[in-house]
$ cat work.csv   # CSV, C-alpha atoms
chain,number,residue,atom,x,y,z
I,1,MET,CA,-118.1,-54.8,-76.0
I,2,ILE,CA,-116.2,-58.1,-76.6
I,3,GLU,CA,-117.4,-60.8,-74.2
I,4,LYS,CA,-115.3,-63.7,-75.4
I,5,GLU,CA,-112.2,-64.4,-77.4
I,6,ILE,CA,-111.8,-67.6,-79.5
I,7,ILE,CA,-108.3,-68.4,-80.8
I,8,PHE,CA,-107.7,-70.6,-83.8
I,9,ASP,CA,-104.1,-71.6,-84.2
I,10,ARG,CA,-103.4,-73.1,-87.6
I,11,LYS,CA,-100.7,-75.4,-86.3
I,12,ASN,CA,-103.4,-77.2,-84.4
I,13,TYR,CA,-105.2,-78.3,-87.5
I,14,GLU,CA,-104.0,-81.0,-90.0
I,15,SER,CA,-106.6,-79.8,-92.5
I,16,TYR,CA,-109.5,-77.3,-92.9
I,17,LYS,CA,-111.8,-80.1,-91.8
I,18,ASP,CA,-110.3,-79.9,-88.3
I,19,PHE,CA,-111.1,-76.2,-88.3
I,20,TYR,CA,-114.8,-76.9,-88.9
I,21,VAL,CA,-114.9,-79.3,-86.0
I,22,GLN,CA,-113.2,-76.8,-83.7
I,23,ILE,CA,-115.5,-73.8,-84.6
I,24,TYR,CA,-118.5,-76.1,-83.9
I,25,LYS,CA,-117.0,-77.0,-80.5
I,26,ASN,CA,-115.9,-73.5,-79.6
I,27,LEU,CA,-119.3,-72.0,-80.4
I,28,GLU,CA,-121.1,-74.9,-78.5
I,29,GLY,CA,-123.0,-76.1,-81.5
I,30,LYS,CA,-124.6,-78.9,-79.5
I,31,LYS,CA,-126.5,-76.3,-77.5
I,32,ILE,CA,-128.0,-74.8,-80.6
I,33,PRO,CA,-131.2,-76.7,-81.4
I,34,ASP,CA,-130.9,-76.5,-85.2
I,35,TRP,CA,-127.3,-77.7,-85.0
I,36,GLU,CA,-127.3,-80.2,-82.2
I,37,ASP,CA,-127.1,-83.2,-84.5
I,38,TYR,CA,-124.0,-82.0,-86.2
I,39,ASP,CA,-120.3,-82.3,-85.3
I,40,ASN,CA,-118.4,-80.5,-88.1
I,41,LEU,CA,-120.8,-78.2,-90.0
I,42,CYS,CA,-120.6,-80.6,-92.9
I,43,TYR,CA,-117.2,-79.0,-93.8
I,44,SER,CA,-119.2,-76.4,-95.7
I,45,ALA,CA,-118.7,-72.7,-96.0
I,46,ASP,CA,-122.5,-72.3,-96.6
I,47,ALA,CA,-123.2,-74.1,-93.3
I,48,LEU,CA,-120.6,-72.0,-91.6
I,49,VAL,CA,-122.4,-68.8,-92.7
I,50,GLU,CA,-125.6,-70.1,-91.4
I,51,PHE,CA,-124.1,-71.4,-88.1
I,52,LEU,CA,-122.3,-68.1,-87.4
I,53,TRP,CA,-125.6,-66.3,-87.7
I,54,TYR,CA,-126.8,-68.1,-84.6
I,55,CYS,CA,-123.8,-66.5,-82.7
I,56,HIS,CA,-124.1,-63.0,-84.2
I,57,ASN,CA,-125.1,-61.4,-81.0
I,58,ASP,CA,-122.4,-63.0,-78.9
I,59,ASN,CA,-119.8,-60.3,-79.1
I,60,ILE,CA,-116.9,-62.6,-80.0
I,61,LYS,CA,-113.4,-61.7,-81.0
I,62,TYR,CA,-112.1,-64.3,-83.4
I,63,ILE,CA,-108.3,-64.6,-83.4
I,64,PHE,CA,-106.6,-66.4,-86.2
I,65,VAL,CA,-102.9,-67.3,-85.4
I,66,GLY,CA,-100.6,-68.5,-88.2
I,67,PHE,CA,-103.1,-68.0,-91.0
I,68,ASP,CA,-100.9,-66.2,-93.6
I,69,LYS,CA,-103.6,-64.6,-95.8
I,70,GLU,CA,-101.2,-63.9,-98.6
I,71,LYS,CA,-99.9,-67.5,-98.7
I,72,ILE,CA,-103.5,-68.8,-98.4
I,73,LYS,CA,-104.6,-66.6,-101.3
I,74,SER,CA,-102.0,-68.2,-103.6
I,75,GLN,CA,-103.9,-71.5,-103.0
I,76,ASN,CA,-101.0,-73.8,-103.4
I,77,THR,CA,-102.9,-76.6,-101.7
I,78,PHE,CA,-106.5,-77.9,-101.5
I,79,ASP,CA,-106.6,-76.8,-97.8
I,80,ASP,CA,-105.5,-73.2,-98.8
I,81,TYR,CA,-108.5,-73.1,-101.2
I,82,HIS,CA,-110.9,-74.0,-98.3
I,83,TYR,CA,-109.2,-71.8,-95.8
I,84,GLN,CA,-109.5,-68.8,-98.2
I,85,ILE,CA,-113.2,-69.4,-98.3
I,86,ILE,CA,-113.4,-69.7,-94.5
I,87,LEU,CA,-111.5,-66.5,-94.0
I,88,GLU,CA,-113.8,-64.7,-96.4
I,89,VAL,CA,-116.8,-66.0,-94.5
I,90,PHE,CA,-115.4,-64.6,-91.2
I,91,GLU,CA,-114.4,-61.3,-92.8
I,92,ASP,CA,-117.9,-60.8,-94.2
I,93,PHE,CA,-119.5,-61.9,-90.9
I,94,VAL,CA,-117.7,-59.2,-88.8
I,95,LYS,CA,-118.5,-56.6,-91.4
I,96,GLU,CA,-122.2,-57.5,-91.2
I,97,TYR,CA,-122.1,-57.8,-87.4
I,98,PRO,CA,-119.5,-55.3,-86.2
I,99,ASN,CA,-120.2,-56.3,-82.5
I,100,ASN,CA,-117.9,-59.2,-83.4
I,101,LYS,CA,-114.2,-58.7,-84.2
I,102,LEU,CA,-111.6,-60.5,-86.3
I,103,GLU,CA,-107.8,-60.4,-85.7
I,104,PHE,CA,-104.9,-62.1,-87.5
I,105,ARG,CA,-101.7,-62.8,-85.7
I,106,ASN,CA,-98.6,-64.2,-87.4
I,107,GLU,CA,-97.0,-65.9,-84.4
$ encode --input "work.csv" --output "C-alpha cells"
Amino acid sequence: MIEKEIIFDRKNYESYKDFYVQIYKNLEGKKIPDWEDYDNLCYSADALVEFLWYCHNDNIKYIFVGFDKEKIKSQNTFDDYHYQIILEVFEDFVKEYPNNKLEFRNE
C-alpha cells in the first residue's frame, strides 16, 4: 500500500545537485539521526543508496516527471551522466524494496 507520493519534476532542477537537495528535503533527512548534519547527500549516489535504505519501509511512490531515460542514457551532458546513476539507484531500490514504487511521466 502506497502511503506517500513524491514528485520530482526535472524542470525544477538546474542540475543534478538540486535533485540531491530535494530528495533530502522530501524524505526529511533532518529527522534521520545519521543524516541530520547533511543538506544534500554529498551529491553522491553511494550516499543516496544508503539514505534511501532509511526510508525503505515508508511505502513511497517516486514519480519522475520529464526525465527522458533514453536521452539521459545518451549522456550528452555531465548532468545526464549523474542523472543516469540516480535513476539506476532508484530502479534498484524499488526492485529490492517492492513496497516502494517508481513511475516515469513525460509531461
$ atom_distance --input "work.csv" --atom1 "atom CA of Trp35 of chain I" --atom2 "atom CA of Leu48 of chain I"
11.0 Å
$ closest_residue --input "work.csv" --among "I:Val65, I:Tyr16, I:Ile2, I:Leu41" --to "Glu107 of chain I" --atoms "only C-alpha atoms"
I:Val65
$ closest_residue --input "work.csv" --among "I:Tyr13, I:Phe51, I:Tyr43, I:Phe90" --to "Lys30 of chain I" --atoms "all atoms listed in the file"
I:Phe51
$ residues_around --input "work.csv" --residues "Asp68 of chain I" --least-positions-apart "3" --cutoff "7 Å" --atoms "only C-alpha atoms" --output "MDAnalysis selection string"
chainID I and resid 71:72 106
$ residues_around --input "work.csv" --residues "segment 92-98 of chain I" --least-positions-apart "2" --cutoff "8 Å" --atoms "only C-alpha atoms" --output "number ranges by chain"
I: 49, 52, 56-57, 88-90, 100-102
$ write_last_selection --input "work.csv" --atoms "C-alpha atoms" --output "CSV table (one decimal), in the frame of the given file"
chain,number,residue,atom,x,y,z
I,49,VAL,CA,-122.4,-68.8,-92.7
I,52,LEU,CA,-122.3,-68.1,-87.4
I,56,HIS,CA,-124.1,-63.0,-84.2
I,57,ASN,CA,-125.1,-61.4,-81.0
I,88,GLU,CA,-113.8,-64.7,-96.4
I,89,VAL,CA,-116.8,-66.0,-94.5
I,90,PHE,CA,-115.4,-64.6,-91.2
I,100,ASN,CA,-117.9,-59.2,-83.4
I,101,LYS,CA,-114.2,-58.7,-84.2
I,102,LEU,CA,-111.6,-60.5,-86.3
$ closest_residue --input "work.csv" --among "I:Lys4, I:Lys31, I:Lys17, I:Lys69" --to "Ala45 of chain I" --atoms "only C-alpha atoms"
I:Lys17
$ closest_residue --input "work.csv" --among "I:Glu28, I:Ser15, I:Glu36, I:Arg10" --to "Phe67 of chain I" --atoms "all atoms listed in the file"
I:Arg10
$ closest_residue --input "work.csv" --among "I:Glu70, I:Asp80, I:Asp58, I:Asp18" --to "Asp39 of chain I" --atoms "only C-alpha atoms"
I:Asp18
$ closest_residue --input "work.csv" --among "I:Tyr20, I:Tyr62, I:Tyr38, I:Trp53" --to "Glu103 of chain I" --atoms "all atoms listed in the file"
I:Tyr62
$ atom_distance --input "work.csv" --atom1 "atom CA of Glu50 of chain I" --atom2 "atom CA of Phe104 of chain I"
22.5 Å
$ atom_distance --input "work.csv" --atom1 "atom CA of Asp46 of chain I" --atom2 "atom CA of Asp79 of chain I"
16.6 Å
$ residues_around --input "work.csv" --residues "Tyr54 of chain I" --least-positions-apart "6" --cutoff "10 Å" --atoms "only C-alpha atoms" --output "VMD selection string"
chain I and resid 27 29 32 34 to 35
$ build_atoms --input "work.csv" --residues "segment 21-46 of chain I" --atoms "N, CA, C and O atoms" --output "compact mmCIF listing (two decimals), in the frame of the given file"
# COMPACT_ATOMS: atom_id res chain seq x y z
N VAL I 21 -114.55 -78.62 -87.25
CA VAL I 21 -114.90 -79.30 -86.00
C VAL I 21 -114.62 -78.38 -84.82
O VAL I 21 -115.44 -78.30 -83.90
N GLN I 22 -113.51 -77.64 -84.86
CA GLN I 22 -113.20 -76.80 -83.70
C GLN I 22 -114.13 -75.60 -83.59
O GLN I 22 -114.53 -75.27 -82.48
N ILE I 23 -114.52 -74.97 -84.69
CA ILE I 23 -115.50 -73.80 -84.60
C ILE I 23 -116.79 -74.32 -84.02
O ILE I 23 -117.40 -73.66 -83.20
N TYR I 24 -117.21 -75.49 -84.43
CA TYR I 24 -118.50 -76.10 -83.90
C TYR I 24 -118.36 -76.26 -82.40
O TYR I 24 -119.28 -75.90 -81.66
N LYS I 25 -117.24 -76.78 -81.93
CA LYS I 25 -117.00 -77.00 -80.50
C LYS I 25 -116.95 -75.68 -79.74
O LYS I 25 -117.58 -75.50 -78.69
N ASN I 26 -116.15 -74.76 -80.26
CA ASN I 26 -115.90 -73.50 -79.60
C ASN I 26 -117.22 -72.67 -79.43
O ASN I 26 -117.40 -71.95 -78.45
N LEU I 27 -118.08 -72.76 -80.41
CA LEU I 27 -119.30 -72.00 -80.40
C LEU I 27 -120.49 -72.87 -79.82
O LEU I 27 -121.65 -72.49 -79.94
N GLU I 28 -120.14 -73.99 -79.24
CA GLU I 28 -121.10 -74.90 -78.50
C GLU I 28 -122.30 -75.22 -79.41
O GLU I 28 -123.45 -75.05 -79.03
N GLY I 29 -121.97 -75.76 -80.57
CA GLY I 29 -123.00 -76.10 -81.50
C GLY I 29 -124.03 -77.12 -80.98
O GLY I 29 -125.20 -77.09 -81.38
N LYS I 30 -123.62 -77.96 -80.05
CA LYS I 30 -124.60 -78.90 -79.50
C LYS I 30 -125.67 -78.25 -78.68
O LYS I 30 -126.71 -78.84 -78.45
N LYS I 31 -125.46 -77.01 -78.28
CA LYS I 31 -126.50 -76.30 -77.50
C LYS I 31 -127.43 -75.48 -78.41
O LYS I 31 -128.36 -74.86 -77.91
N ILE I 32 -127.18 -75.48 -79.71
CA ILE I 32 -128.00 -74.80 -80.60
C ILE I 32 -128.99 -75.77 -81.27
O ILE I 32 -128.56 -76.68 -81.99
N PRO I 33 -130.28 -75.66 -80.98
CA PRO I 33 -131.20 -76.70 -81.40
C PRO I 33 -131.15 -77.09 -82.88
O PRO I 33 -131.20 -78.26 -83.21
N ASP I 34 -130.98 -76.14 -83.78
CA ASP I 34 -130.90 -76.50 -85.20
C ASP I 34 -129.61 -77.16 -85.60
O ASP I 34 -129.50 -77.69 -86.71
N TRP I 35 -128.63 -77.17 -84.71
CA TRP I 35 -127.30 -77.70 -85.00
C TRP I 35 -126.89 -78.85 -84.10
O TRP I 35 -125.78 -79.36 -84.21
N GLU I 36 -127.73 -79.25 -83.18
CA GLU I 36 -127.30 -80.20 -82.20
C GLU I 36 -126.99 -81.60 -82.72
O GLU I 36 -126.29 -82.37 -82.06
N ASP I 37 -127.41 -81.92 -83.92
CA ASP I 37 -127.10 -83.20 -84.50
C ASP I 37 -125.88 -83.25 -85.37
O ASP I 37 -125.56 -84.26 -86.00
N TYR I 38 -125.17 -82.15 -85.40
CA TYR I 38 -124.00 -82.00 -86.20
C TYR I 38 -122.71 -82.13 -85.36
O TYR I 38 -122.76 -82.00 -84.16
N ASP I 39 -121.58 -82.30 -86.02
CA ASP I 39 -120.30 -82.30 -85.30
C ASP I 39 -119.26 -81.43 -86.04
O ASP I 39 -118.26 -81.06 -85.45
N ASN I 40 -119.50 -81.11 -87.30
CA ASN I 40 -118.40 -80.50 -88.10
C ASN I 40 -118.92 -79.49 -89.14
O ASN I 40 -118.18 -79.11 -90.01
N LEU I 41 -120.17 -79.10 -89.08
CA LEU I 41 -120.80 -78.20 -90.00
C LEU I 41 -120.68 -78.67 -91.47
O LEU I 41 -120.69 -77.91 -92.41
N CYS I 42 -120.61 -79.97 -91.59
CA CYS I 42 -120.60 -80.60 -92.90
C CYS I 42 -119.40 -80.14 -93.77
O CYS I 42 -119.43 -80.27 -94.98
N TYR I 43 -118.37 -79.56 -93.12
CA TYR I 43 -117.20 -79.00 -93.80
C TYR I 43 -117.59 -78.09 -94.94
O TYR I 43 -116.99 -78.06 -96.01
N SER I 44 -118.61 -77.29 -94.68
CA SER I 44 -119.20 -76.40 -95.70
C SER I 44 -119.18 -74.98 -95.31
O SER I 44 -119.62 -74.61 -94.21
N ALA I 45 -118.72 -74.12 -96.22
CA ALA I 45 -118.70 -72.70 -96.00
C ALA I 45 -120.17 -72.17 -95.86
O ALA I 45 -120.46 -71.28 -95.06
N ASP I 46 -121.08 -72.72 -96.65
CA ASP I 46 -122.50 -72.30 -96.60
C ASP I 46 -123.05 -72.62 -95.18
O ASP I 46 -123.77 -71.81 -94.60
